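Undergrad: Take this structure, written in structure tokens, and hold onto it; I'll ask about it next.
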Amino acid sequence: MKDGWSVFYITKNAWEEMLRDINNAQSSIYFEQYLFNDLEKGEIGKIFLEALINKAKEGVKVKLLIDSVGSTDFFFSSETVNLEEHGIDLRFHALSRKNILSNIFPNLYRDHRKVLVIDEKIGYIGGVVIGQKMEHWRDTQVRIENDFVPLLKNSFDAIWNSLEKTSARPHQYMNRHLNENAEGFLGNCPREKDKALRKEILSKISRSRKRVWITTPYFVPSRKMVRVIKKAARRNVDVR
């Protein structure tokens with residue numbers, strides 16, 4: 001670990017560390033996931049749920065925020081009742097219950113984040129999901145144990161609170177979670193006109209001087225992104 005940051009590149013390795021921290025939780029667990037499936041005995045989803053239930057039984061506050069499209073099996077399973085019976089606070093970023101065809105575009109606005117905050121002291125963020133077939137995938141997950149964790153908790157709270165039934169604008173939430181040095185996390189929401197994350201990436205590439213290395217499973221760049229990347233390469237930035 002360097003300055004409170006640890007990086008995992010294989011999903012299984014990240015799971016093991018996440019479960020270790022969950023099992024050691026003393027006060028709170030806040031877990032946000034896009035894909036959380038495989039809930040049969042011995043499968044990874046069930047293993048995580050059992051760990052969360054055990055902590056809830058010990059009096060640890062557990063909040064679980066799941067996307068209903070990425071986690072369809074979970075959404076329609078009996079586990080939802082089981083978790084709530086054990087005192088786990090569960091919310092889904094759900095499908096519109098109206099005509100699915102007429103509401104297809106609103107239903108594309110998903111919660112694709114993967115966030116875990118434990119005791120407000122340890123945080124995880126990255127691409128790792130909870131699905132058995134991803135066990136040996138090359139992915140990136142960062143474990144955080146420093147002053148950035150409260151900012152990550154604020155980010156979780158913003159999404160959680162946006163799903164309140166009384167929320168007038170449930171898809172609008174704070175994009176920036178920064179400390180006094182303007183360091184922190186940037187969120188993004190498809191319904192927001194202010195694409196903070198996209199703007200920040202474009203800005204960083206535009207001002208790059210040494211290198212731009214990109215690793216992503218989703219690379220469908222806009223014309224503006226292509227122009228910015230080409231300009232960086234032309235000024236001898238190492239673009240990969």
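Chain labels run A, B, ... following the order of the structure tokens; each chain numbers its residues from 1, and ligands are numbered from 1 in the order shown.
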List the spatial neighbours of Asp238 of chain A as a PDB file with all heavy atoms, in the first residue's frame - criterion: any atom at most 10 Å away, only C-alpha atoms, same-chain residues fewer than 4 positions off excluded.
TA:
```pdb
ATOM      1  N   SER A 208      -2.315  17.391 -21.102  1.00  0.00           N
ATOM      2  CA  SER A 208      -1.270  16.387 -20.865  1.00  0.00           C
ATOM      3  C   SER A 208       0.040  16.793 -21.537  1.00  0.00           C
ATOM      4  O   SER A 208       0.051  17.425 -22.594  1.00  0.00           O
ATOM      5  CB  SER A 208      -1.722  15.024 -21.388  1.00  0.00           C
ATOM      6  OG  SER A 208      -1.941  15.073 -22.790  1.00  0.00           O
ATOM      7  N   ARG A 209       1.148  16.401 -20.904  1.00  0.00           N
ATOM      8  CA  ARG A 209       2.476  16.725 -21.429  1.00  0.00           C
ATOM      9  C   ARG A 209       3.367  15.494 -21.599  1.00  0.00           C
ATOM     10  O   ARG A 209       4.268  15.490 -22.439  1.00  0.00           O
ATOM     11  CB  ARG A 209       3.171  17.719 -20.491  1.00  0.00           C
ATOM     12  CG  ARG A 209       2.518  19.099 -20.471  1.00  0.00           C
ATOM     13  CD  ARG A 209       2.657  19.796 -21.816  1.00  0.00           C
ATOM     14  NE  ARG A 209       1.968  21.085 -21.856  1.00  0.00           N
ATOM     15  CZ  ARG A 209       0.742  21.253 -22.327  1.00  0.00           C
ATOM     16  NH1 ARG A 209       0.060  20.209 -22.791  1.00  0.00           N
ATOM     17  NH2 ARG A 209       0.188  22.451 -22.343  1.00  0.00           N
ATOM     18  N   LYS A 210       3.118  14.449 -20.820  1.00  0.00           N
ATOM     19  CA  LYS A 210       3.990  13.271 -20.877  1.00  0.00           C
ATOM     20  C   LYS A 210       3.282  12.034 -21.413  1.00  0.00           C
ATOM     21  O   LYS A 210       3.765  11.398 -22.339  1.00  0.00           O
ATOM     22  CB  LYS A 210       4.563  12.976 -19.491  1.00  0.00           C
ATOM     23  CG  LYS A 210       5.508  14.050 -18.968  1.00  0.00           C
ATOM     24  CD  LYS A 210       6.068  13.656 -17.609  1.00  0.00           C
ATOM     25  CE  LYS A 210       7.042  14.712 -17.099  1.00  0.00           C
ATOM     26  NZ  LYS A 210       7.599  14.338 -15.759  1.00  0.00           N
ATOM     27  N   ARG A 211       2.153  11.667 -20.806  1.00  0.00           N
ATOM     28  CA  ARG A 211       1.519  10.420 -21.227  1.00  0.00           C
ATOM     29  C   ARG A 211       0.008  10.471 -21.036  1.00  0.00           C
ATOM     30  O   ARG A 211      -0.495  11.156 -20.141  1.00  0.00           O
ATOM     31  CB  ARG A 211       2.092   9.233 -20.464  1.00  0.00           C
ATOM     32  CG  ARG A 211       1.784   9.197 -18.984  1.00  0.00           C
ATOM     33  CD  ARG A 211       2.335   7.929 -18.341  1.00  0.00           C
ATOM     34  NE  ARG A 211       3.784   7.912 -18.363  1.00  0.00           N
ATOM     35  CZ  ARG A 211       4.544   8.412 -17.392  1.00  0.00           C
ATOM     36  NH1 ARG A 211       3.987   8.979 -16.336  1.00  0.00           N
ATOM     37  NH2 ARG A 211       5.852   8.364 -17.468  1.00  0.00           N
ATOM     38  N   VAL A 212      -0.678   9.700 -21.879  1.00  0.00           N
ATOM     39  CA  VAL A 212      -2.115   9.436 -21.742  1.00  0.00           C
ATOM     40  C   VAL A 212      -2.303   7.945 -21.979  1.00  0.00           C
ATOM     41  O   VAL A 212      -2.215   7.471 -23.109  1.00  0.00           O
ATOM     42  CB  VAL A 212      -2.958  10.239 -22.756  1.00  0.00           C
ATOM     43  CG1 VAL A 212      -4.427   9.828 -22.651  1.00  0.00           C
ATOM     44  CG2 VAL A 212      -2.809  11.728 -22.531  1.00  0.00           C
ATOM     45  N   TRP A 213      -2.513   7.206 -20.924  1.00  0.00           N
ATOM     46  CA  TRP A 213      -2.722   5.762 -21.027  1.00  0.00           C
ATOM     47  C   TRP A 213      -4.167   5.473 -20.631  1.00  0.00           C
ATOM     48  O   TRP A 213      -4.608   5.830 -19.540  1.00  0.00           O
ATOM     49  CB  TRP A 213      -1.769   5.003 -20.101  1.00  0.00           C
ATOM     50  CG  TRP A 213      -0.319   5.120 -20.503  1.00  0.00           C
ATOM     51  CD1 TRP A 213       0.184   5.743 -21.608  1.00  0.00           C
ATOM     52  CD2 TRP A 213       0.807   4.601 -19.793  1.00  0.00           C
ATOM     53  NE1 TRP A 213       1.551   5.648 -21.646  1.00  0.00           N
ATOM     54  CE2 TRP A 213       1.970   4.948 -20.537  1.00  0.00           C
ATOM     55  CE3 TRP A 213       0.959   3.880 -18.613  1.00  0.00           C
ATOM     56  CZ2 TRP A 213       3.253   4.594 -20.135  1.00  0.00           C
ATOM     57  CZ3 TRP A 213       2.240   3.525 -18.208  1.00  0.00           C
ATOM     58  CH2 TRP A 213       3.371   3.872 -18.963  1.00  0.00           C
ATOM     59  N   ALA A 232      -2.940  15.404 -28.631  1.00  0.00           N
ATOM     60  CA  ALA A 232      -1.955  14.992 -27.630  1.00  0.00           C
ATOM     61  C   ALA A 232      -0.836  14.191 -28.284  1.00  0.00           C
ATOM     62  O   ALA A 232       0.351  14.400 -27.997  1.00  0.00           O
ATOM     63  CB  ALA A 232      -2.639  14.168 -26.542  1.00  0.00           C
ATOM     64  N   ALA A 233      -1.194  13.285 -29.179  1.00  0.00           N
ATOM     65  CA  ALA A 233      -0.183  12.474 -29.865  1.00  0.00           C
ATOM     66  C   ALA A 233       0.721  13.347 -30.727  1.00  0.00           C
ATOM     67  O   ALA A 233       1.940  13.121 -30.799  1.00  0.00           O
ATOM     68  CB  ALA A 233      -0.868  11.408 -30.714  1.00  0.00           C
ATOM     69  N   ARG A 234       0.141  14.362 -31.366  1.00  0.00           N
ATOM     70  CA  ARG A 234       0.937  15.230 -32.242  1.00  0.00           C
ATOM     71  C   ARG A 234       1.936  16.089 -31.469  1.00  0.00           C
ATOM     72  O   ARG A 234       2.945  16.521 -32.027  1.00  0.00           O
ATOM     73  CB  ARG A 234       0.011  16.114 -33.088  1.00  0.00           C
ATOM     74  CG  ARG A 234      -0.648  15.366 -34.253  1.00  0.00           C
ATOM     75  CD  ARG A 234      -1.202  16.339 -35.282  1.00  0.00           C
ATOM     76  NE  ARG A 234      -2.361  17.052 -34.792  1.00  0.00           N
ATOM     77  CZ  ARG A 234      -3.620  16.663 -34.986  1.00  0.00           C
ATOM     78  NH1 ARG A 234      -3.871  15.546 -35.662  1.00  0.00           N
ATOM     79  NH2 ARG A 234      -4.626  17.364 -34.518  1.00  0.00           N
TER      80      ARG A 234
END
```
Undergrad: Near segment 118-121 of chain A, counting only C-alpha atoms, which residues have an atom at most 7 Å away, once you skip same-chain residues fewer than 2 positions from it, shown as a ChimeraX atom specification?
TA: /A:22,25-30,116,123,145,149-150,153
Undergrad: Pull C-alpha atoms from the residues just selected and write them as a short mmCIF file (atom, residue, chain, number, x, y, z; two decimals), in the first residue's frame.
TA:
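This is the output file out_3.cif:
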```
data_model
loop_
_atom_site.label_atom_id
_atom_site.label_comp_id
_atom_site.auth_asym_id
_atom_site.auth_seq_id
_atom_site.Cartn_x
_atom_site.Cartn_y
_atom_site.Cartn_z
CA ILE A 22 -16.45 -6.64 5.38
CA ALA A 25 -16.36 -4.16 9.88
CA GLN A 26 -17.24 -2.63 13.24
CA SER A 27 -19.84 0.06 12.58
CA SER A 28 -21.03 0.43 8.98
CA ILE A 29 -20.97 -1.01 5.46
CA TYR A 30 -22.18 0.94 2.43
CA LEU A 116 -17.84 -0.06 -1.07
CA GLY A 123 -13.18 2.40 0.59
CA GLU A 145 -7.54 3.93 3.36
CA VAL A 149 -12.74 7.76 2.08
CA PRO A 150 -15.17 10.37 3.54
CA LYS A 153 -18.95 8.04 1.45
#
```
Undergrad: Closest to Ser162 of chain A among A:Met225, A:Val81, A:Leu65, A:Val239, using only C-alpha atoms?
TA: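 So, comparing all the options, the nearest one is A:Leu65.
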Undergrad: Can you check which residues of chain A DSSP gives as helix (DSSP H, G or I) on the backbone and send them as a PyMOL selection string?
TA: chain A and resi 11-23+44-57+72-75+79-85+106-108+132-134+149-162+196-206+223-234
Undergrad: Please identify all polymer residues within 10 Å of Met134 of chain A, counting only C-alpha atoms, omitting same-chain residues fewer than 4 positions from it, and present them as a PyMOL selection string.
TA: chain A and resi 10-12+44+128-130+138-139
Undergrad: Would you save the residues from that selection as a PDB file, in the first residue's frame, using N, CA, C and O atoms?
TA:
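Listing of result_14.pdb after writing:
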```
ATOM      1  N   ILE A  10      -6.970  -8.436 -10.628  1.00  0.00           N
ATOM      2  CA  ILE A  10      -7.752  -9.643 -10.884  1.00  0.00           C
ATOM      3  C   ILE A  10      -8.960  -9.620  -9.953  1.00  0.00           C
ATOM      4  O   ILE A  10      -8.830  -9.379  -8.749  1.00  0.00           O
ATOM      5  N   THR A  11     -10.134  -9.871 -10.505  1.00  0.00           N
ATOM      6  CA  THR A  11     -11.374  -9.761  -9.739  1.00  0.00           C
ATOM      7  C   THR A  11     -11.345 -10.592  -8.461  1.00  0.00           C
ATOM      8  O   THR A  11     -11.723 -10.114  -7.384  1.00  0.00           O
ATOM      9  N   LYS A  12     -10.909 -11.839  -8.562  1.00  0.00           N
ATOM     10  CA  LYS A  12     -10.914 -12.720  -7.390  1.00  0.00           C
ATOM     11  C   LYS A  12     -10.089 -12.139  -6.245  1.00  0.00           C
ATOM     12  O   LYS A  12     -10.492 -12.210  -5.073  1.00  0.00           O
ATOM     13  N   ILE A  44     -20.499 -16.595  -5.531  1.00  0.00           N
ATOM     14  CA  ILE A  44     -19.900 -15.392  -4.967  1.00  0.00           C
ATOM     15  C   ILE A  44     -20.941 -14.396  -4.458  1.00  0.00           C
ATOM     16  O   ILE A  44     -20.740 -13.739  -3.425  1.00  0.00           O
ATOM     17  N   VAL A 128     -14.801  -3.754 -10.487  1.00  0.00           N
ATOM     18  CA  VAL A 128     -15.107  -5.111 -10.047  1.00  0.00           C
ATOM     19  C   VAL A 128     -16.575  -5.246  -9.652  1.00  0.00           C
ATOM     20  O   VAL A 128     -17.091  -4.464  -8.849  1.00  0.00           O
ATOM     21  N   VAL A 129     -17.230  -6.258 -10.225  1.00  0.00           N
ATOM     22  CA  VAL A 129     -18.628  -6.545  -9.925  1.00  0.00           C
ATOM     23  C   VAL A 129     -18.723  -7.878  -9.192  1.00  0.00           C
ATOM     24  O   VAL A 129     -17.724  -8.560  -8.969  1.00  0.00           O
ATOM     25  N   ILE A 130     -19.955  -8.256  -8.831  1.00  0.00           N
ATOM     26  CA  ILE A 130     -20.173  -9.499  -8.093  1.00  0.00           C
ATOM     27  C   ILE A 130     -20.887 -10.486  -9.015  1.00  0.00           C
ATOM     28  O   ILE A 130     -22.116 -10.509  -9.110  1.00  0.00           O
ATOM     29  N   ARG A 138      -9.503  -9.764 -15.856  1.00  0.00           N
ATOM     30  CA  ARG A 138      -8.579  -8.645 -15.638  1.00  0.00           C
ATOM     31  C   ARG A 138      -9.427  -7.397 -15.425  1.00  0.00           C
ATOM     32  O   ARG A 138     -10.165  -6.974 -16.299  1.00  0.00           O
ATOM     33  N   ASP A 139      -9.359  -6.854 -14.247  1.00  0.00           N
ATOM     34  CA  ASP A 139     -10.122  -5.653 -13.932  1.00  0.00           C
ATOM     35  C   ASP A 139      -9.276  -4.788 -13.011  1.00  0.00           C
ATOM     36  O   ASP A 139      -8.173  -5.182 -12.622  1.00  0.00           O
TER      37      ASP A 139
END
```
Undergrad: Kindly indicate which residue among A:Val142, A:Leu152, A:Ile88, A:Ile229 lies nearest to Ile201 of chain A, using only C-alpha atoms for the distances.
TA: A:Ile229
